[in-house]
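Asker: Pasting final.cif below, which is mmCIF, N, CA and C atoms.
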data_target
loop_
_atom_site.label_atom_id
_atom_site.label_comp_id
_atom_site.auth_asym_id
_atom_site.auth_seq_id
_atom_site.Cartn_x
_atom_site.Cartn_y
_atom_site.Cartn_z
N MET A 1 -5.57 -6.56 6.93
CA MET A 1 -6.79 -6.87 6.22
C MET A 1 -6.43 -7.65 4.95
N VAL A 2 -7.28 -8.61 4.67
CA VAL A 2 -7.09 -9.46 3.51
C VAL A 2 -8.30 -9.28 2.60
N THR A 3 -8.07 -9.31 1.30
CA THR A 3 -9.17 -9.17 0.34
C THR A 3 -9.63 -10.57 -0.07
N TYR A 4 -10.90 -10.85 0.20
CA TYR A 4 -11.51 -12.12 -0.18
C TYR A 4 -12.47 -11.86 -1.33
N GLN A 5 -12.58 -12.82 -2.24
CA GLN A 5 -13.46 -12.66 -3.38
C GLN A 5 -14.67 -13.58 -3.22
N TYR A 6 -15.84 -13.01 -3.52
CA TYR A 6 -17.10 -13.75 -3.49
C TYR A 6 -17.78 -13.60 -4.85
N ARG A 7 -18.65 -14.57 -5.19
CA ARG A 7 -19.36 -14.52 -6.46
C ARG A 7 -20.85 -14.65 -6.19
N CYS A 8 -21.58 -13.61 -6.62
CA CYS A 8 -23.04 -13.61 -6.51
C CYS A 8 -23.60 -14.20 -7.81
N ALA A 9 -24.63 -15.02 -7.69
CA ALA A 9 -25.22 -15.64 -8.88
C ALA A 9 -25.84 -14.61 -9.81
N ARG A 10 -26.34 -13.50 -9.25
CA ARG A 10 -26.99 -12.47 -10.07
C ARG A 10 -26.05 -11.33 -10.48
N CYS A 11 -25.20 -10.90 -9.55
CA CYS A 11 -24.39 -9.69 -9.80
C CYS A 11 -22.97 -9.98 -10.25
N GLY A 12 -22.46 -11.17 -9.99
CA GLY A 12 -21.09 -11.49 -10.38
C GLY A 12 -20.12 -11.37 -9.22
N PRO A 13 -18.82 -11.34 -9.51
CA PRO A 13 -17.82 -11.32 -8.43
C PRO A 13 -17.68 -9.95 -7.78
N PHE A 14 -17.33 -9.97 -6.49
CA PHE A 14 -17.02 -8.74 -5.75
C PHE A 14 -16.02 -9.09 -4.66
N ASP A 15 -15.30 -8.08 -4.18
CA ASP A 15 -14.27 -8.27 -3.15
C ASP A 15 -14.74 -7.72 -1.83
N VAL A 16 -14.28 -8.37 -0.75
CA VAL A 16 -14.58 -7.93 0.61
C VAL A 16 -13.28 -7.94 1.39
N ALA A 17 -12.97 -6.85 2.09
CA ALA A 17 -11.77 -6.77 2.92
C ALA A 17 -12.15 -7.16 4.35
N LEU A 18 -11.52 -8.23 4.85
CA LEU A 18 -11.81 -8.75 6.19
C LEU A 18 -10.50 -9.07 6.88
N PRO A 19 -10.50 -9.17 8.22
CA PRO A 19 -9.29 -9.62 8.90
C PRO A 19 -8.92 -11.04 8.46
N MET A 20 -7.65 -11.37 8.54
CA MET A 20 -7.20 -12.69 8.10
C MET A 20 -7.92 -13.76 8.92
N GLY A 21 -8.47 -14.73 8.22
CA GLY A 21 -9.20 -15.81 8.85
C GLY A 21 -10.65 -15.46 9.15
N GLY A 22 -11.09 -14.27 8.78
CA GLY A 22 -12.45 -13.83 9.08
C GLY A 22 -13.44 -14.07 7.96
N ALA A 23 -13.02 -14.78 6.91
CA ALA A 23 -13.91 -15.01 5.77
C ALA A 23 -14.86 -16.15 6.08
N ARG A 24 -16.12 -15.96 5.71
CA ARG A 24 -17.12 -17.00 5.86
C ARG A 24 -17.36 -17.65 4.50
N PRO A 25 -17.92 -18.85 4.47
CA PRO A 25 -18.18 -19.50 3.18
C PRO A 25 -19.18 -18.74 2.32
N GLU A 26 -20.06 -17.98 2.96
CA GLU A 26 -21.05 -17.20 2.21
C GLU A 26 -21.09 -15.78 2.76
N GLN A 27 -21.43 -14.84 1.89
CA GLN A 27 -21.48 -13.42 2.24
C GLN A 27 -22.70 -12.81 1.55
N ARG A 28 -23.30 -11.83 2.16
CA ARG A 28 -24.43 -11.13 1.55
C ARG A 28 -23.92 -10.18 0.47
N CYS A 29 -24.59 -10.19 -0.68
CA CYS A 29 -24.25 -9.29 -1.78
C CYS A 29 -24.80 -7.91 -1.44
N ASP A 30 -23.98 -6.87 -1.64
CA ASP A 30 -24.42 -5.50 -1.33
C ASP A 30 -25.45 -4.98 -2.32
N HIS A 31 -25.42 -5.48 -3.55
CA HIS A 31 -26.31 -4.95 -4.58
C HIS A 31 -27.71 -5.55 -4.52
N CYS A 32 -27.79 -6.89 -4.46
CA CYS A 32 -29.10 -7.53 -4.53
C CYS A 32 -29.51 -8.19 -3.22
N ASP A 33 -28.65 -8.15 -2.20
CA ASP A 33 -28.89 -8.75 -0.89
C ASP A 33 -29.05 -10.26 -0.99
N GLY A 34 -28.53 -10.86 -2.05
CA GLY A 34 -28.55 -12.31 -2.21
C GLY A 34 -27.34 -12.94 -1.53
N THR A 35 -27.27 -14.25 -1.59
CA THR A 35 -26.15 -14.98 -1.00
C THR A 35 -25.07 -15.21 -2.04
N ALA A 36 -23.85 -14.88 -1.68
CA ALA A 36 -22.70 -15.07 -2.57
C ALA A 36 -21.75 -16.07 -1.94
N ARG A 37 -21.21 -16.96 -2.76
CA ARG A 37 -20.28 -17.97 -2.27
C ARG A 37 -18.84 -17.49 -2.44
N ARG A 38 -17.99 -17.92 -1.53
CA ARG A 38 -16.59 -17.52 -1.58
C ARG A 38 -15.88 -18.21 -2.73
N VAL A 39 -15.02 -17.46 -3.42
CA VAL A 39 -14.21 -17.96 -4.52
C VAL A 39 -12.77 -18.02 -4.03
N PHE A 40 -12.14 -19.16 -4.18
CA PHE A 40 -10.76 -19.30 -3.75
C PHE A 40 -9.85 -18.88 -4.90
N THR A 41 -9.00 -17.91 -4.64
CA THR A 41 -8.09 -17.37 -5.64
C THR A 41 -6.65 -17.56 -5.18
N ALA A 42 -5.71 -17.34 -6.08
CA ALA A 42 -4.29 -17.45 -5.74
C ALA A 42 -3.90 -16.34 -4.78
N PRO A 43 -3.06 -16.63 -3.78
CA PRO A 43 -2.64 -15.59 -2.85
C PRO A 43 -1.67 -14.62 -3.51
N SER A 44 -1.59 -13.45 -2.95
CA SER A 44 -0.63 -12.46 -3.43
C SER A 44 0.72 -12.75 -2.77
N LEU A 45 1.66 -13.26 -3.54
CA LEU A 45 2.95 -13.66 -2.99
C LEU A 45 4.06 -12.68 -3.31
N THR A 46 3.74 -11.54 -3.86
CA THR A 46 4.77 -10.55 -4.17
C THR A 46 5.20 -9.82 -2.92
N ARG A 47 6.42 -9.39 -2.89
CA ARG A 47 6.93 -8.62 -1.76
C ARG A 47 6.83 -7.14 -2.11
N PRO A 48 6.53 -6.30 -1.12
CA PRO A 48 6.50 -4.87 -1.40
C PRO A 48 7.91 -4.35 -1.64
N GLY A 49 8.00 -3.20 -2.26
CA GLY A 49 9.30 -2.60 -2.54
C GLY A 49 10.02 -2.18 -1.27
N ALA A 50 11.28 -1.86 -1.40
CA ALA A 50 12.10 -1.49 -0.24
C ALA A 50 11.59 -0.23 0.44
N SER A 51 11.17 0.76 -0.33
CA SER A 51 10.71 2.01 0.29
C SER A 51 9.42 1.79 1.06
N LEU A 52 8.51 0.98 0.54
CA LEU A 52 7.28 0.68 1.26
C LEU A 52 7.57 -0.13 2.51
N THR A 53 8.50 -1.07 2.44
CA THR A 53 8.87 -1.86 3.60
C THR A 53 9.44 -0.97 4.69
N ARG A 54 10.32 -0.02 4.34
CA ARG A 54 10.89 0.91 5.32
C ARG A 54 9.80 1.77 5.95
N ALA A 55 8.86 2.24 5.15
CA ALA A 55 7.79 3.08 5.68
C ALA A 55 6.89 2.29 6.63
N LEU A 56 6.58 1.05 6.27
CA LEU A 56 5.75 0.22 7.14
C LEU A 56 6.47 -0.12 8.44
N ASP A 57 7.78 -0.39 8.35
CA ASP A 57 8.57 -0.67 9.55
C ASP A 57 8.64 0.55 10.46
N ALA A 58 8.81 1.73 9.88
CA ALA A 58 8.86 2.96 10.67
C ALA A 58 7.51 3.22 11.33
N GLN A 59 6.44 2.97 10.61
CA GLN A 59 5.10 3.15 11.17
C GLN A 59 4.88 2.19 12.34
N GLU A 60 5.28 0.96 12.18
CA GLU A 60 5.12 -0.03 13.25
C GLU A 60 5.96 0.33 14.46
N ALA A 61 7.20 0.80 14.23
CA ALA A 61 8.09 1.16 15.33
C ALA A 61 7.56 2.37 16.09
N SER A 62 6.88 3.28 15.42
CA SER A 62 6.41 4.50 16.09
C SER A 62 5.05 4.30 16.75
N ARG A 63 4.50 3.10 16.67
CA ARG A 63 3.18 2.87 17.28
C ARG A 63 3.24 3.08 18.78
N TYR A 64 4.25 2.54 19.44
CA TYR A 64 4.33 2.60 20.89
C TYR A 64 5.38 3.60 21.38
N GLU A 65 6.38 3.88 20.58
CA GLU A 65 7.43 4.82 20.95
C GLU A 65 7.65 5.81 19.82
N PRO A 66 6.78 6.81 19.70
CA PRO A 66 6.94 7.75 18.58
C PRO A 66 8.21 8.58 18.74
N GLN A 67 8.81 8.87 17.61
CA GLN A 67 10.00 9.73 17.63
C GLN A 67 9.55 11.18 17.70
N VAL A 68 10.20 11.94 18.58
CA VAL A 68 9.86 13.34 18.76
C VAL A 68 10.82 14.18 17.94
N VAL A 69 10.29 15.05 17.11
CA VAL A 69 11.10 15.93 16.28
C VAL A 69 11.35 17.21 17.06
N LYS A 70 12.63 17.55 17.26
CA LYS A 70 12.98 18.75 18.03
C LYS A 70 13.41 19.90 17.13
N ALA A 71 13.77 19.59 15.88
CA ALA A 71 14.19 20.63 14.96
C ALA A 71 13.95 20.15 13.53
N ALA A 72 13.91 21.09 12.63
CA ALA A 72 13.74 20.75 11.22
C ALA A 72 15.01 20.07 10.70
N PRO A 73 14.89 19.16 9.76
CA PRO A 73 16.09 18.52 9.22
C PRO A 73 16.95 19.54 8.48
N PRO A 74 18.26 19.33 8.44
CA PRO A 74 19.12 20.29 7.74
C PRO A 74 18.81 20.30 6.24
N ALA A 75 18.99 21.45 5.65
CA ALA A 75 18.75 21.60 4.22
C ALA A 75 19.79 20.81 3.43
N GLU A 76 19.37 20.27 2.31
CA GLU A 76 20.31 19.53 1.47
C GLU A 76 21.24 20.51 0.76
N ARG A 77 22.49 20.12 0.65
CA ARG A 77 23.46 20.98 -0.05
C ARG A 77 23.35 20.76 -1.55
N ARG A 78 23.41 21.84 -2.26
CA ARG A 78 23.42 21.77 -3.71
C ARG A 78 24.85 21.58 -4.19
N PRO A 79 25.03 20.87 -5.28
CA PRO A 79 26.40 20.69 -5.78
C PRO A 79 26.98 22.03 -6.25
N ALA A 80 28.28 22.13 -6.15
CA ALA A 80 28.97 23.35 -6.58
C ALA A 80 28.80 23.52 -8.09
N PRO A 81 28.67 24.75 -8.55
CA PRO A 81 28.54 24.96 -9.99
C PRO A 81 29.82 24.52 -10.70
N PRO A 82 29.68 24.04 -11.92
CA PRO A 82 30.87 23.59 -12.66
C PRO A 82 31.78 24.77 -12.98
N SER A 83 33.04 24.46 -13.08
CA SER A 83 34.00 25.52 -13.36
C SER A 83 34.04 25.90 -14.83
N ASP A 84 33.54 25.06 -15.70
CA ASP A 84 33.52 25.34 -17.14
C ASP A 84 32.33 26.25 -17.45
N PRO A 85 32.52 27.46 -17.98
CA PRO A 85 31.41 28.38 -18.24
C PRO A 85 30.44 27.86 -19.30
N ARG A 86 30.87 26.94 -20.14
CA ARG A 86 29.95 26.40 -21.16
C ARG A 86 28.83 25.58 -20.53
N HIS A 87 29.08 25.05 -19.36
CA HIS A 87 28.04 24.26 -18.68
C HIS A 87 26.86 25.13 -18.26
N ALA A 88 27.08 26.41 -18.09
CA ALA A 88 26.00 27.32 -17.69
C ALA A 88 24.95 27.44 -18.79
N LEU A 89 25.30 27.12 -20.03
CA LEU A 89 24.36 27.23 -21.15
C LEU A 89 23.49 25.97 -21.28
N LEU A 90 23.81 24.91 -20.57
CA LEU A 90 23.04 23.68 -20.66
C LEU A 90 21.71 23.84 -19.91
N PRO A 91 20.67 23.12 -20.36
CA PRO A 91 19.39 23.21 -19.64
C PRO A 91 19.52 22.62 -18.23
N ARG A 92 18.78 23.20 -17.30
CA ARG A 92 18.82 22.74 -15.92
C ARG A 92 17.68 21.78 -15.66
N PRO A 93 17.91 20.80 -14.80
CA PRO A 93 16.84 19.84 -14.49
C PRO A 93 15.74 20.45 -13.66
#
Spell out the structure here as structure tokens.

Answerer:
Amino acid sequence: MVTYQYRCARCGPFDVALPMGGARPEQRCDHCDGTARRVFTAPSLTRPGASLTRALDAQEASRYEPQVVKAAPPAERRPAPPSDPRHALLPRP
């Protein structure tokens, strides 16, 4: 889905989420039911972060071949306590 911006003469600008290429030159305003013209804005050229990219890739991969979980993941190991007893007096995170 792509966000397109329209401007109503009475109500001002508003956004509409439509499939790519599905924008029309004019759109009905939800508030006053008037005609709003499309406003051409700069595209969003930023890339998503690495964690979002991994999540989206995993979601896409599981669309047709979902991974089946057979057991809970192993618990994370905690680091060994320090051998210096003075470290025990420090605040813990």

Asker: For a quick check of understanding, using only C-alpha atoms, which of A:Cys29, A:Ala61, A:Ala42, A:Ala36 has the smallest distance to Thr3 (chain A)?

Answerer: A:Ala42

Asker: Just asking: which residues within chain A are alpha helix (DSSP H) according to DSSP, as an mmCIF file with N, CA and C atoms, keeping the file's coordinate frame?

Answerer:
data_model
loop_
_atom_site.group_PDB
_atom_site.id
_atom_site.type_symbol
_atom_site.label_atom_id
_atom_site.label_comp_id
_atom_site.auth_asym_id
_atom_site.auth_seq_id
_atom_site.Cartn_x
_atom_site.Cartn_y
_atom_site.Cartn_z
ATOM 1 N N ALA A 50 11.280 -1.860 -1.400
ATOM 2 C CA ALA A 50 12.100 -1.490 -0.240
ATOM 3 C C ALA A 50 11.590 -0.230 0.440
ATOM 4 N N SER A 51 11.170 0.760 -0.330
ATOM 5 C CA SER A 51 10.710 2.010 0.290
ATOM 6 C C SER A 51 9.420 1.790 1.060
ATOM 7 N N LEU A 52 8.510 0.980 0.540
ATOM 8 C CA LEU A 52 7.280 0.680 1.260
ATOM 9 C C LEU A 52 7.570 -0.130 2.510
ATOM 10 N N THR A 53 8.500 -1.070 2.440
ATOM 11 C CA THR A 53 8.870 -1.860 3.600
ATOM 12 C C THR A 53 9.440 -0.970 4.690
ATOM 13 N N ARG A 54 10.320 -0.020 4.340
ATOM 14 C CA ARG A 54 10.890 0.910 5.320
ATOM 15 C C ARG A 54 9.800 1.770 5.950
ATOM 16 N N ALA A 55 8.860 2.240 5.150
ATOM 17 C CA ALA A 55 7.790 3.080 5.680
ATOM 18 C C ALA A 55 6.890 2.290 6.630
ATOM 19 N N LEU A 56 6.580 1.050 6.270
ATOM 20 C CA LEU A 56 5.750 0.220 7.140
ATOM 21 C C LEU A 56 6.470 -0.120 8.440
ATOM 22 N N ASP A 57 7.780 -0.390 8.350
ATOM 23 C CA ASP A 57 8.570 -0.670 9.550
ATOM 24 C C ASP A 57 8.640 0.550 10.460
ATOM 25 N N ALA A 58 8.810 1.730 9.880
ATOM 26 C CA ALA A 58 8.860 2.960 10.670
ATOM 27 C C ALA A 58 7.510 3.220 11.330
ATOM 28 N N GLN A 59 6.440 2.970 10.610
ATOM 29 C CA GLN A 59 5.100 3.150 11.170
ATOM 30 C C GLN A 59 4.880 2.190 12.340
ATOM 31 N N GLU A 60 5.280 0.960 12.180
ATOM 32 C CA GLU A 60 5.120 -0.030 13.250
ATOM 33 C C GLU A 60 5.960 0.330 14.460
ATOM 34 N N ALA A 61 7.200 0.800 14.230
ATOM 35 C CA ALA A 61 8.090 1.160 15.330
ATOM 36 C C ALA A 61 7.560 2.370 16.090
#

Asker: CA of Gln5 (chain A) and atom N of Ala23 (chain A), how far apart in Å?

Answerer: 10.5 Å

Asker: Can you tell me, as a tab-separated table (two decimals) with N, CA and C atoms, in the coordinates of the input, what residues are no more than 12 Å from Cys8 (chain A) when counting only C-alpha atoms, ignoring any on the same chain fewer than 6 positions away?

Answerer:
chain	number	residue	atom	x	y	z
A	14	PHE	N	-17.33	-9.97	-6.49
A	14	PHE	CA	-17.02	-8.74	-5.75
A	14	PHE	C	-16.02	-9.09	-4.66
A	15	ASP	N	-15.30	-8.08	-4.18
A	15	ASP	CA	-14.27	-8.27	-3.15
A	15	ASP	C	-14.74	-7.72	-1.83
A	26	GLU	N	-20.06	-17.98	2.96
A	26	GLU	CA	-21.05	-17.20	2.21
A	26	GLU	C	-21.09	-15.78	2.76
A	27	GLN	N	-21.43	-14.84	1.89
A	27	GLN	CA	-21.48	-13.42	2.24
A	27	GLN	C	-22.70	-12.81	1.55
A	28	ARG	N	-23.30	-11.83	2.16
A	28	ARG	CA	-24.43	-11.13	1.55
A	28	ARG	C	-23.92	-10.18	0.47
A	29	CYS	N	-24.59	-10.19	-0.68
A	29	CYS	CA	-24.25	-9.29	-1.78
A	29	CYS	C	-24.80	-7.91	-1.44
A	30	ASP	N	-23.98	-6.87	-1.64
A	30	ASP	CA	-24.42	-5.50	-1.33
A	30	ASP	C	-25.45	-4.98	-2.32
A	31	HIS	N	-25.42	-5.48	-3.55
A	31	HIS	CA	-26.31	-4.95	-4.58
A	31	HIS	C	-27.71	-5.55	-4.52
A	32	CYS	N	-27.79	-6.89	-4.46
A	32	CYS	CA	-29.10	-7.53	-4.53
A	32	CYS	C	-29.51	-8.19	-3.22
A	33	ASP	N	-28.65	-8.15	-2.20
A	33	ASP	CA	-28.89	-8.75	-0.89
A	33	ASP	C	-29.05	-10.26	-0.99
A	34	GLY	N	-28.53	-10.86	-2.05
A	34	GLY	CA	-28.55	-12.31	-2.21
A	34	GLY	C	-27.34	-12.94	-1.53
A	35	THR	N	-27.27	-14.25	-1.59
A	35	THR	CA	-26.15	-14.98	-1.00
A	35	THR	C	-25.07	-15.21	-2.04
A	36	ALA	N	-23.85	-14.88	-1.68
A	36	ALA	CA	-22.70	-15.07	-2.57
A	36	ALA	C	-21.75	-16.07	-1.94
A	37	ARG	N	-21.21	-16.96	-2.76
A	37	ARG	CA	-20.28	-17.97	-2.27
A	37	ARG	C	-18.84	-17.49	-2.44
A	38	ARG	N	-17.99	-17.92	-1.53
A	38	ARG	CA	-16.59	-17.52	-1.58
A	38	ARG	C	-15.88	-18.21	-2.73
A	39	VAL	N	-15.02	-17.46	-3.42
A	39	VAL	CA	-14.21	-17.96	-4.52
A	39	VAL	C	-12.77	-18.02	-4.03

Asker: As JSON, numbers by chain, please: every residue in chain A that DSSP puts in strand (DSSP E).

Answerer: {"A": [2, 3, 4, 5, 6, 7, 8, 12, 13, 14, 15, 16, 17, 18, 26, 27, 28, 35, 36, 37, 38, 39]}

Asker: Please report, as JSON, the centre and edge lengths in Å to one decimal of an axis-aligned box covering all listed atoms of region 19-26 of chain A with 5 Å per side.

Answerer:
{"center_x": -14.1, "center_y": -14.3, "center_z": 5.7, "size_x": 23.9, "size_y": 20.3, "size_z": 16.9}

Asker: Which residue, A:Arg92, A:Arg78, A:Val16, A:Gln59, has the smallest gap to Val2 (chain A) when you use only N, CA and C atoms?

Answerer: A:Val16

Asker: In Å, rounded to a single decimal, give me how far atom N of Leu45 (chain A) is from atom C of Tyr4 (chain A).

Answerer: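 Distance reported for this atom pair: 14.4 Å.
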
Asker: Mind pulling up the distance from CA of Leu18 (chain A) to CA of Met1 (chain A)?

Answerer: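 Atom-to-atom, CA of Met1 (chain A) to CA of Leu18 (chain A), that is 5.4 Å.
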
Asker: Kindly complete region 50-61 of chain A to all heavy atoms; the output should be written as an mmCIF file, keeping the file's coordinate frame.

Answerer:
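The new file selection.cif reads:
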data_model
loop_
_atom_site.group_PDB
_atom_site.id
_atom_site.type_symbol
_atom_site.label_atom_id
_atom_site.label_comp_id
_atom_site.auth_asym_id
_atom_site.auth_seq_id
_atom_site.Cartn_x
_atom_site.Cartn_y
_atom_site.Cartn_z
ATOM 1 N N ALA A 50 11.280 -1.860 -1.400
ATOM 2 C CA ALA A 50 12.100 -1.490 -0.240
ATOM 3 C C ALA A 50 11.590 -0.230 0.440
ATOM 4 O O ALA A 50 11.565 -0.151 1.678
ATOM 5 C CB ALA A 50 13.555 -1.312 -0.669
ATOM 6 N N SER A 51 11.170 0.760 -0.330
ATOM 7 C CA SER A 51 10.710 2.010 0.290
ATOM 8 C C SER A 51 9.420 1.790 1.060
ATOM 9 O O SER A 51 9.241 2.337 2.156
ATOM 10 C CB SER A 51 10.521 3.092 -0.775
ATOM 11 O OG SER A 51 9.599 2.660 -1.750
ATOM 12 N N LEU A 52 8.510 0.980 0.540
ATOM 13 C CA LEU A 52 7.280 0.680 1.260
ATOM 14 C C LEU A 52 7.570 -0.130 2.510
ATOM 15 O O LEU A 52 6.984 0.123 3.574
ATOM 16 C CB LEU A 52 6.302 -0.066 0.359
ATOM 17 C CG LEU A 52 4.983 -0.480 1.012
ATOM 18 C CD1 LEU A 52 4.229 0.737 1.526
ATOM 19 C CD2 LEU A 52 4.127 -1.245 0.040
ATOM 20 N N THR A 53 8.500 -1.070 2.440
ATOM 21 C CA THR A 53 8.870 -1.860 3.600
ATOM 22 C C THR A 53 9.440 -0.970 4.690
ATOM 23 O O THR A 53 9.108 -1.109 5.874
ATOM 24 C CB THR A 53 9.881 -2.944 3.208
ATOM 25 O OG1 THR A 53 9.290 -3.759 2.202
ATOM 26 C CG2 THR A 53 10.258 -3.809 4.394
ATOM 27 N N ARG A 54 10.320 -0.020 4.340
ATOM 28 C CA ARG A 54 10.890 0.910 5.320
ATOM 29 C C ARG A 54 9.800 1.770 5.950
ATOM 30 O O ARG A 54 9.802 1.981 7.171
ATOM 31 C CB ARG A 54 11.941 1.796 4.667
ATOM 32 C CG ARG A 54 13.290 1.149 4.536
ATOM 33 C CD ARG A 54 14.371 2.173 4.191
ATOM 34 N NE ARG A 54 14.059 2.950 3.004
ATOM 35 C CZ ARG A 54 14.353 2.584 1.754
ATOM 36 N NH1 ARG A 54 14.974 1.463 1.540
ATOM 37 N NH2 ARG A 54 14.039 3.352 0.738
ATOM 38 N N ALA A 55 8.860 2.240 5.150
ATOM 39 C CA ALA A 55 7.790 3.080 5.680
ATOM 40 C C ALA A 55 6.890 2.290 6.630
ATOM 41 O O ALA A 55 6.506 2.784 7.689
ATOM 42 C CB ALA A 55 6.963 3.666 4.534
ATOM 43 N N LEU A 56 6.580 1.050 6.270
ATOM 44 C CA LEU A 56 5.750 0.220 7.140
ATOM 45 C C LEU A 56 6.470 -0.120 8.440
ATOM 46 O O LEU A 56 5.876 -0.134 9.516
ATOM 47 C CB LEU A 56 5.314 -1.049 6.418
ATOM 48 C CG LEU A 56 4.326 -0.842 5.272
ATOM 49 C CD1 LEU A 56 4.106 -2.151 4.521
ATOM 50 C CD2 LEU A 56 3.014 -0.281 5.769
ATOM 51 N N ASP A 57 7.780 -0.390 8.350
ATOM 52 C CA ASP A 57 8.570 -0.670 9.550
ATOM 53 C C ASP A 57 8.640 0.550 10.460
ATOM 54 O O ASP A 57 8.524 0.433 11.686
ATOM 55 C CB ASP A 57 9.976 -1.134 9.188
ATOM 56 C CG ASP A 57 9.995 -2.529 8.582
ATOM 57 O OD1 ASP A 57 8.983 -3.265 8.733
ATOM 58 O OD2 ASP A 57 11.018 -2.874 7.952
ATOM 59 N N ALA A 58 8.810 1.730 9.880
ATOM 60 C CA ALA A 58 8.860 2.960 10.670
ATOM 61 C C ALA A 58 7.510 3.220 11.330
ATOM 62 O O ALA A 58 7.431 3.658 12.485
ATOM 63 C CB ALA A 58 9.268 4.138 9.800
ATOM 64 N N GLN A 59 6.440 2.970 10.610
ATOM 65 C CA GLN A 59 5.100 3.150 11.170
ATOM 66 C C GLN A 59 4.880 2.190 12.340
ATOM 67 O O GLN A 59 4.356 2.589 13.378
ATOM 68 C CB GLN A 59 4.047 2.922 10.096
ATOM 69 C CG GLN A 59 2.632 3.046 10.618
ATOM 70 C CD GLN A 59 1.607 2.681 9.561
ATOM 71 O OE1 GLN A 59 1.947 2.186 8.499
ATOM 72 N NE2 GLN A 59 0.364 2.934 9.860
ATOM 73 N N GLU A 60 5.280 0.960 12.180
ATOM 74 C CA GLU A 60 5.120 -0.030 13.250
ATOM 75 C C GLU A 60 5.960 0.330 14.460
ATOM 76 O O GLU A 60 5.532 0.210 15.599
ATOM 77 C CB GLU A 60 5.486 -1.423 12.727
ATOM 78 C CG GLU A 60 5.285 -2.522 13.727
ATOM 79 C CD GLU A 60 3.835 -2.750 14.098
ATOM 80 O OE1 GLU A 60 2.945 -2.441 13.288
ATOM 81 O OE2 GLU A 60 3.587 -3.238 15.214
ATOM 82 N N ALA A 61 7.200 0.800 14.230
ATOM 83 C CA ALA A 61 8.090 1.160 15.330
ATOM 84 C C ALA A 61 7.560 2.370 16.090
ATOM 85 O O ALA A 61 7.753 2.483 17.304
ATOM 86 C CB ALA A 61 9.493 1.441 14.800
#
